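Q: Here you go, this is work-v3.txt (compact mmCIF, C-alpha atoms).
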```txt
# COMPACT_ATOMS: atom_id res chain seq x y z
CA MET A 25 65.99 161.67 155.04
CA LYS A 26 68.22 159.33 153.11
CA THR A 27 65.87 156.38 153.80
CA ASN A 28 62.81 158.36 152.65
CA PHE A 29 64.64 159.36 149.49
CA ILE A 30 65.48 155.71 148.68
CA TYR A 31 61.84 154.67 149.30
CA SER A 32 60.67 157.41 146.94
CA ILE A 33 63.01 156.22 144.19
CA LEU A 34 61.88 152.59 144.63
CA LEU A 35 58.23 153.61 144.51
CA LEU A 36 58.82 155.59 141.33
CA LEU A 37 60.55 152.60 139.71
CA ILE A 38 57.68 150.27 140.67
CA VAL A 39 55.08 152.65 139.23
CA GLN A 40 57.06 153.10 136.02
CA THR A 41 57.56 149.34 135.63
CA SER A 42 53.86 148.67 136.20
CA PHE A 43 52.95 151.31 133.65
CA VAL A 44 55.31 149.78 131.07
CA ASN A 45 53.90 146.27 131.68
CA VAL A 46 50.29 147.43 131.41
CA SER A 47 51.11 149.50 128.35
CA PHE A 48 52.86 146.55 126.68
CA ALA A 49 49.95 144.20 127.45
CA GLN A 50 47.47 146.74 126.12
CA GLN A 51 49.49 147.21 122.92
CA LYS A 52 49.69 143.43 122.52
CA LYS A 53 45.93 143.12 122.98
CA GLU A 54 45.16 145.98 120.59
CA SER A 55 47.56 144.54 118.02
CA LYS A 56 45.77 141.19 118.08
CA ASN A 57 42.30 142.75 118.04
CA GLU A 58 43.19 144.77 114.95
CA THR A 59 44.26 141.65 113.05
CA THR A 60 41.81 140.14 110.60
CA TYR A 61 42.16 136.40 111.09
CA LEU A 62 41.59 133.85 108.36
CA PHE A 63 39.78 131.30 110.56
CA ASN A 64 39.20 129.85 114.01
CA ASP A 65 40.27 126.21 114.35
CA SER A 66 37.51 124.03 115.78
CA HIS A 67 39.57 120.82 115.67
CA PHE A 68 43.24 120.75 116.65
CA HIS A 69 45.55 118.17 118.29
CA LEU A 70 48.60 119.59 120.07
CA THR A 71 50.11 116.13 120.63
CA ASN A 72 50.33 112.84 118.75
CA TYR A 73 49.82 109.15 119.57
CA VAL A 74 52.90 109.04 121.80
CA GLN A 75 52.01 112.31 123.58
CA GLU A 76 54.68 114.35 121.81
CA GLY A 77 53.85 117.55 120.02
CA THR A 78 54.19 121.25 119.41
CA ASP A 79 55.27 123.65 122.12
CA ILE A 80 52.21 125.73 123.03
CA HIS A 81 54.07 129.03 122.63
CA VAL A 82 55.32 128.04 119.19
CA TYR A 83 51.79 127.01 118.26
CA LEU A 84 50.26 130.28 119.37
CA ASN A 85 52.93 132.73 118.23
CA ASP A 86 54.32 131.10 115.09
CA ILE A 87 51.64 128.72 113.81
CA MET A 88 48.43 130.52 114.76
CA GLY A 89 50.21 133.85 114.49
CA ASN A 90 48.15 136.45 112.69
CA LYS A 91 46.22 133.92 110.58
CA ILE A 92 44.26 131.89 113.14
CA GLY A 93 42.16 133.78 115.67
CA ARG A 94 41.17 131.10 118.17
CA SER A 95 41.71 127.39 118.43
CA THR A 96 40.52 124.36 120.31
CA LEU A 97 43.33 122.50 122.02
CA PHE A 98 43.43 118.79 122.76
CA GLY A 99 45.85 115.94 122.70
CA LEU A 100 44.98 112.40 121.75
CA PRO A 101 43.19 110.21 124.30
CA LEU A 102 45.04 107.12 123.07
CA GLN A 103 48.66 106.11 123.53
CA GLN A 104 50.33 103.80 121.01
CA GLN A 105 52.04 100.92 122.78
CA TRP A 106 55.65 100.20 121.85
CA SER A 107 55.80 96.42 121.93
CA TYR A 108 59.35 95.18 121.44
CA ARG A 109 57.93 91.79 120.43
CA VAL A 110 56.21 93.45 117.47
CA THR A 111 58.54 96.17 116.19
CA GLU A 112 61.78 95.51 118.13
CA ASP A 113 63.88 98.71 118.22
CA PHE A 114 61.50 100.65 116.00
CA ALA A 115 59.47 103.03 118.18
CA PRO A 116 56.07 103.62 116.54
CA THR A 117 54.58 107.09 116.74
CA TYR A 118 51.39 106.44 114.77
CA TYR A 119 48.71 103.79 115.07
CA LEU A 120 49.32 102.51 111.54
CA ASP A 121 53.02 101.92 112.32
CA THR A 122 52.37 98.74 114.29
CA ASP A 123 49.82 96.08 115.21
CA ALA A 124 50.39 96.71 118.93
CA HIS A 125 47.48 97.96 121.03
CA LEU A 126 46.32 101.48 121.77
CA TYR A 127 45.28 102.34 125.32
CA TYR A 128 43.57 105.31 126.99
CA TYR A 129 46.03 107.84 128.39
CA SER A 130 44.44 110.11 130.99
CA PHE A 131 47.51 112.24 131.73
CA THR A 132 46.97 113.99 128.40
CA ASP A 133 44.45 116.30 130.11
CA ALA A 134 46.99 117.46 132.71
CA MET A 135 49.53 118.08 129.93
CA ILE A 136 47.05 120.20 127.98
CA ALA A 137 45.99 122.12 131.10
CA MET A 138 49.57 122.92 132.09
CA ALA A 139 50.42 124.02 128.56
CA TYR A 140 47.42 126.36 128.57
CA LEU A 141 48.26 127.75 132.01
CA SER A 142 51.78 128.60 130.84
CA LEU A 143 50.29 131.25 128.52
CA ASP A 144 49.63 134.82 129.60
CA ASN A 145 46.03 135.91 130.15
CA ILE A 146 45.71 137.55 126.75
CA ASP A 147 46.95 134.51 124.84
CA GLN A 148 44.71 132.22 126.88
CA GLN A 149 41.70 134.03 125.43
CA ARG A 150 42.60 132.58 122.02
CA ILE A 151 42.60 128.95 123.20
CA ASP A 152 39.75 126.56 124.15
CA PRO A 153 41.16 123.37 125.72
CA MET A 154 39.15 120.13 125.62
CA ILE A 155 39.16 117.07 127.89
CA THR A 156 39.93 113.82 126.05
CA GLY A 157 41.64 111.42 128.47
CA PHE A 158 38.67 109.22 129.38
CA ASN A 159 37.56 105.74 128.39
CA VAL A 160 34.13 105.99 126.71
CA THR A 161 33.23 102.47 127.89
CA ASP A 162 33.90 103.24 131.57
CA MET A 163 31.06 104.30 133.87
CA TYR A 164 33.70 106.21 135.87
CA ALA A 165 34.57 108.39 132.86
CA THR A 166 32.34 111.18 134.13
CA GLU A 167 34.24 111.18 137.41
CA HIS A 168 37.45 111.75 135.50
CA ILE A 169 35.92 114.68 133.64
CA LYS A 170 34.66 116.24 136.88
CA ARG A 171 38.06 115.84 138.53
CA VAL A 172 39.77 117.53 135.60
CA LEU A 173 37.38 120.49 135.73
CA LEU A 174 37.78 120.97 139.48
CA THR A 175 41.55 120.43 139.44
CA PHE A 176 42.03 122.93 136.61
CA PRO A 177 39.17 125.44 136.95
CA GLY A 178 38.98 128.11 134.29
CA VAL A 179 40.69 125.98 131.65
CA PHE A 180 38.42 123.60 129.72
CA SER A 181 35.47 124.31 127.41
CA GLY A 182 34.48 120.85 126.23
CA ILE A 183 35.20 117.16 125.79
CA GLY A 184 36.70 115.48 122.76
CA GLU A 185 37.57 114.74 120.17
CA PHE A 186 36.69 111.24 121.35
CA SER A 187 35.80 108.28 119.14
CA ILE A 188 32.97 105.79 119.00
CA HIS A 189 33.60 104.00 115.68
CA LYS A 190 36.83 104.92 113.90
CA GLU A 191 38.44 103.16 110.96
CA PHE A 192 41.51 101.06 111.90
CA VAL A 193 41.54 102.52 115.45
CA SER A 194 38.56 101.04 117.31
CA SER A 195 39.73 97.45 116.87
CA LYS A 196 43.20 98.30 118.26
CA ILE A 197 42.04 99.74 121.59
CA GLU A 198 42.53 97.50 124.61
CA GLY A 199 39.40 96.63 126.57
CA ASP A 200 35.75 97.04 125.65
CA VAL A 201 34.59 98.29 122.27
CA ALA A 202 32.77 101.63 122.30
CA SER A 203 29.04 101.48 121.56
CA PHE A 204 26.23 103.95 120.90
CA TYR A 205 24.12 102.09 123.42
CA ASP A 206 26.61 101.95 126.28
CA PRO A 207 25.25 103.64 129.45
CA ALA A 208 28.80 104.89 130.08
CA LEU A 209 28.56 107.01 126.93
CA ASP A 210 25.12 108.27 127.95
CA ARG A 211 26.52 109.34 131.33
CA ILE A 212 29.33 111.26 129.60
CA LEU A 213 26.96 113.19 127.33
CA ASP A 214 24.48 113.81 130.16
CA PHE A 215 27.23 115.35 132.24
CA ALA A 216 28.42 117.43 129.28
CA ALA A 217 24.93 118.96 129.17
CA GLU A 218 24.94 119.56 132.93
CA ALA A 219 28.30 121.35 132.88
CA GLY A 220 27.84 123.11 129.53
CA LEU A 221 30.70 121.25 127.86
CA ILE A 222 30.78 121.02 124.07
CA ALA A 223 31.26 117.43 122.84
CA ILE A 224 33.33 116.80 119.71
CA VAL A 225 32.59 113.24 118.57
CA HIS A 226 34.38 111.20 115.94
CA ASN A 227 32.10 108.54 114.53
CA ASP A 228 32.47 107.06 111.06
CA ILE A 229 29.25 107.16 109.12
CA ASP A 230 30.03 103.78 107.55
CA ASN A 231 32.32 100.74 107.80
CA PRO A 232 35.67 100.65 106.04
CA TYR A 233 35.29 99.04 102.61
CA PRO A 234 31.55 98.42 103.12
CA LYS A 235 29.61 95.71 101.38
CA ALA A 236 26.28 96.45 99.75
CA GLY A 237 23.29 95.96 102.02
CA LYS A 238 25.32 95.93 105.24
CA PRO A 239 24.35 98.29 108.11
CA ASN A 240 26.34 101.46 108.69
CA TYR A 241 26.79 103.68 111.74
CA LEU A 242 24.31 106.43 110.84
CA THR A 243 21.26 105.16 112.76
CA GLY A 244 23.21 104.64 115.98
CA MET A 245 24.64 108.14 115.80
CA GLN A 246 21.20 109.60 115.16
CA ASP A 247 19.77 107.75 118.17
CA LEU A 248 22.61 109.01 120.37
CA ILE A 249 22.08 112.64 119.38
CA LYS A 250 18.33 112.42 119.96
CA ARG A 251 18.85 110.89 123.41
CA HIS A 252 20.90 113.94 124.46
CA PRO A 253 19.02 117.02 123.22
CA ALA A 254 20.64 119.32 125.80
CA THR A 255 24.22 118.42 124.80
CA THR A 256 25.95 120.47 122.11
CA ILE A 257 27.45 117.82 119.81
CA ILE A 258 29.87 118.51 116.98
CA TRP A 259 30.11 115.57 114.58
CA ALA A 260 33.72 115.57 113.46
CA HIS A 261 34.58 115.36 109.75
CA LEU A 262 30.94 114.78 108.77
CA GLY A 263 31.59 111.14 109.68
CA LEU A 264 34.11 110.72 106.83
CA GLY A 265 37.64 109.31 106.89
CA ARG A 266 40.53 108.01 104.84
CA VAL A 267 38.49 105.19 103.38
CA ILE A 268 35.11 106.15 104.83
CA LYS A 269 33.50 107.77 101.83
CA PRO A 270 30.08 109.46 101.71
CA ILE A 271 27.16 107.05 101.83
CA GLN A 272 24.35 107.13 99.29
CA ASP A 273 22.34 110.37 99.44
CA MET A 274 24.34 111.51 102.44
CA GLY A 275 23.53 115.13 101.64
CA GLY A 276 19.81 114.39 101.75
CA LEU A 277 20.12 112.50 105.04
CA PHE A 278 22.06 115.34 106.67
CA GLU A 279 19.62 117.90 105.31
CA LYS A 280 16.70 116.04 106.93
CA MET A 281 18.57 116.00 110.23
CA LEU A 282 19.36 119.71 110.04
CA GLN A 283 15.73 120.62 109.53
CA ASP A 284 14.48 118.21 112.22
CA PRO A 285 13.87 119.82 115.68
CA GLU A 286 15.24 116.66 117.32
CA TYR A 287 18.71 117.56 116.05
CA THR A 288 18.94 121.25 116.97
CA ASN A 289 21.90 120.39 119.23
CA LEU A 290 23.90 118.93 116.32
CA TYR A 291 26.73 120.69 114.47
CA PHE A 292 29.25 119.46 111.90
CA ASP A 293 32.90 120.30 111.51
CA LEU A 294 34.52 120.44 108.09
CA SER A 295 37.88 119.37 109.47
CA TRP A 296 40.69 117.26 108.02
CA ASP A 297 42.27 117.13 104.58
CA GLU A 298 40.59 113.73 104.08
CA THR A 299 37.17 115.37 104.42
CA ALA A 300 38.14 117.98 101.83
CA LYS A 301 39.12 115.13 99.50
CA TRP A 302 35.59 113.71 99.54
CA LEU A 303 33.71 117.02 99.45
CA ASP A 304 35.70 118.26 96.45
CA SER A 305 35.77 114.91 94.66
CA SER A 306 33.40 116.14 91.94
CA PRO A 307 31.53 119.30 90.94
CA GLU A 308 28.30 117.61 92.05
CA SER A 309 29.63 116.80 95.52
CA LEU A 310 31.02 120.29 96.00
CA GLY A 311 27.81 121.91 94.78
CA ARG A 312 25.61 119.76 97.02
CA THR A 313 27.79 120.53 100.05
CA ALA A 314 27.61 124.26 99.36
CA GLU A 315 23.84 124.05 98.87
CA ILE A 316 23.27 122.45 102.28
CA ILE A 317 25.63 124.79 104.12
CA LYS A 318 23.91 127.81 102.57
CA LYS A 319 20.59 126.55 103.94
CA TYR A 320 22.01 125.94 107.43
CA PRO A 321 25.02 128.26 107.74
CA ASP A 322 24.93 128.33 111.55
CA ARG A 323 25.49 124.58 111.90
CA PHE A 324 28.96 124.13 110.40
CA LEU A 325 32.47 124.93 111.64
CA PHE A 326 35.91 124.68 110.08
CA GLY A 327 38.91 122.95 111.65
CA THR A 328 42.27 121.67 110.46
CA ASP A 329 42.42 118.39 112.44
CA ASN A 330 46.19 118.67 112.23
CA VAL A 331 48.32 116.80 114.73
CA ALA A 332 51.40 118.47 116.29
CA PRO A 333 52.28 120.70 113.31
CA GLN A 334 55.65 122.42 113.15
CA GLU A 335 54.86 125.28 110.79
CA GLN A 336 52.01 127.63 109.92
CA GLU A 337 51.87 126.43 106.34
CA THR A 338 50.59 123.05 107.57
CA GLN A 339 47.50 124.76 109.02
CA LEU A 340 46.93 127.05 106.07
CA ARG A 341 47.22 124.18 103.60
CA VAL A 342 44.13 122.48 105.06
CA TYR A 343 42.15 125.72 104.98
CA HIS A 344 43.03 126.28 101.33
CA LEU A 345 41.97 122.75 100.40
CA TYR A 346 38.46 124.13 100.93
CA ASP A 347 39.00 127.21 98.74
CA ARG A 348 36.57 126.04 96.08
CA LEU A 349 33.95 125.53 98.79
CA TRP A 350 34.61 128.99 100.26
CA GLU A 351 34.19 130.47 96.78
CA ALA A 352 30.89 128.62 96.32
CA LEU A 353 29.62 129.77 99.73
CA GLY A 354 30.58 133.42 99.36
CA PRO A 355 32.26 135.65 101.96
CA GLU A 356 29.32 136.07 104.36
CA ILE A 357 28.65 132.36 104.89
CA THR A 358 32.37 131.54 104.82
CA GLN A 359 32.78 133.99 107.71
CA LYS A 360 30.15 132.10 109.70
CA VAL A 361 31.64 128.68 109.03
CA SER A 362 35.25 129.67 109.56
CA ILE A 363 34.94 132.23 112.38
CA THR A 364 31.66 133.33 113.97
CA ASN A 365 29.99 129.94 114.60
CA TYR A 366 33.04 128.94 116.61
CA GLU A 367 32.90 132.10 118.68
CA ARG A 368 29.19 131.73 119.40
CA LEU A 369 29.45 128.12 120.59
CA PHE A 370 32.67 128.36 122.55
CA ASP A 371 31.90 131.72 124.16
CA LYS A 372 28.75 130.18 125.60
CA ALA A 373 30.59 127.04 126.69
CA ARG A 374 33.19 129.10 128.55
CA LEU A 375 30.50 130.90 130.54
CA ASP A 376 28.49 127.76 131.28
CA VAL A 377 31.47 125.64 132.36
CA ARG A 378 32.87 128.42 134.57
CA ALA A 379 29.46 128.66 136.26
CA TRP A 380 29.41 124.90 136.89
CA GLU A 381 32.94 125.00 138.31
CA LYS A 382 32.02 127.84 140.64
CA ALA A 383 28.89 126.06 141.85
CA ASN A 384 30.78 122.81 142.49
CA ALA A 385 34.07 124.13 143.87
CA LYS A 386 35.07 122.46 147.14
```
Translate this structure into structure tokens?

A:
Amino acid sequence: MKTNFIYSILLLLIVQTSFVNVSFAQQKKESKNETTYLFNDSHFHLTNYVQEGTDIHVYLNDIMGNKIGRSTLFGLPLQQQWSYRVTEDFAPTYYLDTDAHLYYYSFTDAMIAMAYLSLDNIDQQRIDPMITGFNVTDMYATEHIKRVLLTFPGVFSGIGEFSIHKEFVSSKIEGDVASFYDPALDRILDFAAEAGLIAIVHNDIDNPYPKAGKPNYLTGMQDLIKRHPATTIIWAHLGLGRVIKPIQDMGGLFEKMLQDPEYTNLYFDLSWDETAKWLDSSPESLGRTAEIIKKYPDRFLFGTDNVAPQEQETQLRVYHLYDRLWEALGPEITQKVSITNYERLFDKARLDVRAWEKANAK
């Protein structure tokens, strides 16, 4: 009798504990669903150029909090070398801190995956990790991406941000220089289409400090996009940078691409404070940007492009740099650019990539 009584008490405690856990999870889920978020972040780096960054729980609970609904999650594919011959005891943490090389750092993908897997199931729904730790000049890069997907099934939604031409970075990377016409890059984007992975690509639209009459990087990027019509490509920062300013009639060139059926797989992200600097540089620039987005509101996304932030204000500051653009666009189109376009693209990517993983599981 005594044994049966003890078993009954234990069973009751287990049932009560389960009920409390389920109830708490449900309240947590309902609480988040009831929140009206300011934006989804289509471009976010958890770690910096020496693979240090923000704790994932701090990012989700304190930085995203009740302001950011969902977020991409990637590190940086490049590691800054600390060469004692160059900087002695000074340990560089940024690529502009030293002349020493950058090199591809594949372990970043495992770090991102493990950070994501440390979250509970509800919080995981707010995060879309991306694979970045591959060398775009290496024909084996696709094998790396496949291994990451099959080692960490259920985690990743895309590849990138990865760079082709990037101011002050490309020339520092050890090994081959990335090229639009490298078959290794074609293999990467072909596989992205096969697996349903979104590709976030950084490619400057022009050279730093360009000279009149010199070629830029627009034609090569256009050729690349057209060669991969089944790959969803997000062109990061509109091709702009710190010193990469808009090229002549850039708005007209982008508008032609957006209305061309050969570019239906192309999207743009309005990420980075440097991009905001150029778009809001004059009333004419701001007005032209708003005009194009109004015509093609489904083809633009917002992202912060922040690296390892430590406070929510860092994220919100970038969003508010675009306030004049949001005002020009109006609430309906702002909602598309800042929230719903992200959900549409990444919801589909999640389903497609999970299907590929299931079909190719060993």

Q: Taking all atoms listed in the file into account, produce a table as a tab-separated table in which each residue of stretch 109-142 of chain A with an atom at most 12 Å from an atom of stretch 57-76 of chain A appears once, together with its shortest atom pair and the distance in Å to one decimal, ordered by chain and rising number.

A:
```
residue	atom	partner	partner_atom	distance
A:Ala115	CA	A:Val74	CA	9.6
A:Pro116	CA	A:Val74	CA	8.2
A:Thr117	CA	A:Val74	CA	5.7
A:Tyr118	CA	A:Tyr73	CA	5.7
A:Tyr119	CA	A:Tyr73	CA	7.1
A:Leu120	CA	A:Tyr73	CA	10.4
A:Asp121	CA	A:Tyr73	CA	10.7
A:Thr122	CA	A:Tyr73	CA	11.9
A:His125	CA	A:Tyr73	CA	11.5
A:Leu126	CA	A:Tyr73	CA	8.7
A:Tyr127	CA	A:Tyr73	CA	10.0
A:Tyr128	CA	A:Tyr73	CA	10.4
A:Tyr129	CA	A:Gln75	CA	8.9
A:Ser130	CA	A:Gln75	CA	10.8
A:Phe131	CA	A:Gln75	CA	9.3
A:Thr132	CA	A:Gln75	CA	7.2
A:Asp133	CA	A:Gln75	CA	10.8
A:Ala134	CA	A:Gln75	CA	11.6
A:Met135	CA	A:Gln75	CA	8.9
A:Ile136	CA	A:Leu70	CA	8.1
A:Ala137	CA	A:Leu70	CA	11.6
A:Ala139	CA	A:Leu70	CA	9.7
A:Tyr140	CA	A:Leu70	CA	10.9
```

Q: Please work out which residues fall within 12 Å of (38.6, 117.6, 101.7), coordinates as given in the file, with only C-alpha atoms counting, and return them as a ChimeraX atom specification.

A: /A:261-262,264-266,269-270,293-306,309-310,313,326-329,341-349

Q: Can I get the selection written as a PDB file, in the coordinates of the input, with C-alpha atoms?

A:
```
ATOM      1  CA  HIS A 261      34.580 115.360 109.750  1.00  0.00           C
ATOM      2  CA  LEU A 262      30.940 114.780 108.770  1.00  0.00           C
ATOM      3  CA  LEU A 264      34.110 110.720 106.830  1.00  0.00           C
ATOM      4  CA  GLY A 265      37.640 109.310 106.890  1.00  0.00           C
ATOM      5  CA  ARG A 266      40.530 108.010 104.840  1.00  0.00           C
ATOM      6  CA  LYS A 269      33.500 107.770 101.830  1.00  0.00           C
ATOM      7  CA  PRO A 270      30.080 109.460 101.710  1.00  0.00           C
ATOM      8  CA  ASP A 293      32.900 120.300 111.510  1.00  0.00           C
ATOM      9  CA  LEU A 294      34.520 120.440 108.090  1.00  0.00           C
ATOM     10  CA  SER A 295      37.880 119.370 109.470  1.00  0.00           C
ATOM     11  CA  TRP A 296      40.690 117.260 108.020  1.00  0.00           C
ATOM     12  CA  ASP A 297      42.270 117.130 104.580  1.00  0.00           C
ATOM     13  CA  GLU A 298      40.590 113.730 104.080  1.00  0.00           C
ATOM     14  CA  THR A 299      37.170 115.370 104.420  1.00  0.00           C
ATOM     15  CA  ALA A 300      38.140 117.980 101.830  1.00  0.00           C
ATOM     16  CA  LYS A 301      39.120 115.130  99.500  1.00  0.00           C
ATOM     17  CA  TRP A 302      35.590 113.710  99.540  1.00  0.00           C
ATOM     18  CA  LEU A 303      33.710 117.020  99.450  1.00  0.00           C
ATOM     19  CA  ASP A 304      35.700 118.260  96.450  1.00  0.00           C
ATOM     20  CA  SER A 305      35.770 114.910  94.660  1.00  0.00           C
ATOM     21  CA  SER A 306      33.400 116.140  91.940  1.00  0.00           C
ATOM     22  CA  SER A 309      29.630 116.800  95.520  1.00  0.00           C
ATOM     23  CA  LEU A 310      31.020 120.290  96.000  1.00  0.00           C
ATOM     24  CA  THR A 313      27.790 120.530 100.050  1.00  0.00           C
ATOM     25  CA  PHE A 326      35.910 124.680 110.080  1.00  0.00           C
ATOM     26  CA  GLY A 327      38.910 122.950 111.650  1.00  0.00           C
ATOM     27  CA  THR A 328      42.270 121.670 110.460  1.00  0.00           C
ATOM     28  CA  ASP A 329      42.420 118.390 112.440  1.00  0.00           C
ATOM     29  CA  ARG A 341      47.220 124.180 103.600  1.00  0.00           C
ATOM     30  CA  VAL A 342      44.130 122.480 105.060  1.00  0.00           C
ATOM     31  CA  TYR A 343      42.150 125.720 104.980  1.00  0.00           C
ATOM     32  CA  HIS A 344      43.030 126.280 101.330  1.00  0.00           C
ATOM     33  CA  LEU A 345      41.970 122.750 100.400  1.00  0.00           C
ATOM     34  CA  TYR A 346      38.460 124.130 100.930  1.00  0.00           C
ATOM     35  CA  ASP A 347      39.000 127.210  98.740  1.00  0.00           C
ATOM     36  CA  ARG A 348      36.570 126.040  96.080  1.00  0.00           C
ATOM     37  CA  LEU A 349      33.950 125.530  98.790  1.00  0.00           C
TER      38      LEU A 349
END
```

Q: So, with only C-alpha atoms as the atoms that count, which of A:Val172, A:Ala236, A:Leu248, A:Leu290 lies closest to A:Leu369?

A: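 When distances to A:Leu369 are compared using only C-alpha atoms, the smallest one comes from A:Leu290.
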
Q: Choose the residue, out of A:Glu308, A:Glu367, A:Asp113, A:Asp228, that has the smallest atom-to-atom separation from A:Ile271; count all atoms listed in the file.

A: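 For A:Ile271, the nearest of the candidates is A:Asp228.
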
Q: What does the distance between atom CA of A:Asp273 and atom CA of A:Ala314 come to in Å, to one decimal place?

A: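 Pair atom CA of A:Asp273 / atom CA of A:Ala314 returns 14.9 Å.
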
Q: How far is it from atom CA of A:Leu325 to atom CA of A:Ser142, in Å with one decimal?

A: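 Between atom CA of A:Leu325 and atom CA of A:Ser142 the gap works out to 27.5 Å.
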
Q: For atom CA of A:Tyr205 and atom CA of A:Ser187, determine how far apart the two atoms are, in Å to one decimal place.

A: 13.9 Å

Q: Considering only C-alpha atoms, return as a PDB file with C-alpha atoms, in the coordinates of the input whatever protein or nucleic-acid residues lie within 9 Å of stretch 151-164 of chain A, sequence-local ones (same chain, fewer than 3 positions apart) excluded.

A:
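To be explicit, this is the file written out as result06.pdb:
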```
ATOM      1  CA  LEU A  84      50.260 130.280 119.370  1.00  0.00           C
ATOM      2  CA  GLY A  93      42.160 133.780 115.670  1.00  0.00           C
ATOM      3  CA  ARG A  94      41.170 131.100 118.170  1.00  0.00           C
ATOM      4  CA  SER A  95      41.710 127.390 118.430  1.00  0.00           C
ATOM      5  CA  THR A  96      40.520 124.360 120.310  1.00  0.00           C
ATOM      6  CA  LEU A  97      43.330 122.500 122.020  1.00  0.00           C
ATOM      7  CA  PHE A  98      43.430 118.790 122.760  1.00  0.00           C
ATOM      8  CA  GLY A  99      45.850 115.940 122.700  1.00  0.00           C
ATOM      9  CA  LEU A 100      44.980 112.400 121.750  1.00  0.00           C
ATOM     10  CA  PRO A 101      43.190 110.210 124.300  1.00  0.00           C
ATOM     11  CA  LEU A 102      45.040 107.120 123.070  1.00  0.00           C
ATOM     12  CA  TYR A 127      45.280 102.340 125.320  1.00  0.00           C
ATOM     13  CA  TYR A 128      43.570 105.310 126.990  1.00  0.00           C
ATOM     14  CA  TYR A 129      46.030 107.840 128.390  1.00  0.00           C
ATOM     15  CA  SER A 130      44.440 110.110 130.990  1.00  0.00           C
ATOM     16  CA  PHE A 131      47.510 112.240 131.730  1.00  0.00           C
ATOM     17  CA  THR A 132      46.970 113.990 128.400  1.00  0.00           C
ATOM     18  CA  ASP A 133      44.450 116.300 130.110  1.00  0.00           C
ATOM     19  CA  ILE A 136      47.050 120.200 127.980  1.00  0.00           C
ATOM     20  CA  ALA A 137      45.990 122.120 131.100  1.00  0.00           C
ATOM     21  CA  TYR A 140      47.420 126.360 128.570  1.00  0.00           C
ATOM     22  CA  ASP A 147      46.950 134.510 124.840  1.00  0.00           C
ATOM     23  CA  GLN A 148      44.710 132.220 126.880  1.00  0.00           C
ATOM     24  CA  GLU A 167      34.240 111.180 137.410  1.00  0.00           C
ATOM     25  CA  HIS A 168      37.450 111.750 135.500  1.00  0.00           C
ATOM     26  CA  ILE A 169      35.920 114.680 133.640  1.00  0.00           C
ATOM     27  CA  VAL A 172      39.770 117.530 135.600  1.00  0.00           C
ATOM     28  CA  LEU A 173      37.380 120.490 135.730  1.00  0.00           C
ATOM     29  CA  VAL A 179      40.690 125.980 131.650  1.00  0.00           C
ATOM     30  CA  PHE A 180      38.420 123.600 129.720  1.00  0.00           C
ATOM     31  CA  SER A 181      35.470 124.310 127.410  1.00  0.00           C
ATOM     32  CA  GLY A 182      34.480 120.850 126.230  1.00  0.00           C
ATOM     33  CA  ILE A 183      35.200 117.160 125.790  1.00  0.00           C
ATOM     34  CA  GLY A 184      36.700 115.480 122.760  1.00  0.00           C
ATOM     35  CA  GLU A 185      37.570 114.740 120.170  1.00  0.00           C
ATOM     36  CA  PHE A 186      36.690 111.240 121.350  1.00  0.00           C
ATOM     37  CA  SER A 187      35.800 108.280 119.140  1.00  0.00           C
ATOM     38  CA  ILE A 188      32.970 105.790 119.000  1.00  0.00           C
ATOM     39  CA  GLY A 199      39.400  96.630 126.570  1.00  0.00           C
ATOM     40  CA  ASP A 200      35.750  97.040 125.650  1.00  0.00           C
ATOM     41  CA  VAL A 201      34.590  98.290 122.270  1.00  0.00           C
ATOM     42  CA  ALA A 202      32.770 101.630 122.300  1.00  0.00           C
ATOM     43  CA  SER A 203      29.040 101.480 121.560  1.00  0.00           C
ATOM     44  CA  ASP A 206      26.610 101.950 126.280  1.00  0.00           C
ATOM     45  CA  PRO A 207      25.250 103.640 129.450  1.00  0.00           C
ATOM     46  CA  ALA A 208      28.800 104.890 130.080  1.00  0.00           C
ATOM     47  CA  LEU A 209      28.560 107.010 126.930  1.00  0.00           C
ATOM     48  CA  ARG A 211      26.520 109.340 131.330  1.00  0.00           C
ATOM     49  CA  ILE A 212      29.330 111.260 129.600  1.00  0.00           C
ATOM     50  CA  LEU A 221      30.700 121.250 127.860  1.00  0.00           C
ATOM     51  CA  ILE A 222      30.780 121.020 124.070  1.00  0.00           C
ATOM     52  CA  ALA A 223      31.260 117.430 122.840  1.00  0.00           C
ATOM     53  CA  ILE A 224      33.330 116.800 119.710  1.00  0.00           C
ATOM     54  CA  PHE A 370      32.670 128.360 122.550  1.00  0.00           C
ATOM     55  CA  ARG A 374      33.190 129.100 128.550  1.00  0.00           C
TER      56      ARG A 374
END
```

Q: Residues within 12 Å of A:Glu381, please, as a PyMOL selection string. Count all atoms listed in the file; anything in the same chain fewer than 2 positions from it doesn't count.

A: chain A and resi 169-181+218-221+374-379+383-386

Q: Around the point (12.9, 119.2, 117.6), in the coordinates given by the file, pick out the residues reaching within 12 Å, counting all atoms listed in the file, and return them as a list in words.

A: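 Counting all atoms listed in the file, I find these residues within 12 Å of (12.9, 119.2, 117.6): Ile249, Lys250, Arg251, His252, Pro253, Ala254, Lys280, Met281, Leu282, Gln283, Asp284, Pro285, Glu286, Tyr287, Thr288, Asn289 and Leu290 of chain A.
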
Q: With distances taken over only C-alpha atoms, which residue among A:Leu213, A:Ala124, A:Ile317, A:Ala373 lies nearest A:Glu356?

A: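 Nearest candidate to A:Glu356 out of A:Leu213, A:Ala124, A:Ile317, A:Ala373: A:Ile317.
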
Q: Calculated over all atoms listed in the file, which of the candidates A:Ser194, A:Thr256, A:Asn227, A:Gln104 has the smallest distance to A:Gly244?

A: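 When distances to A:Gly244 are compared using all atoms listed in the file, the smallest one comes from A:Asn227.
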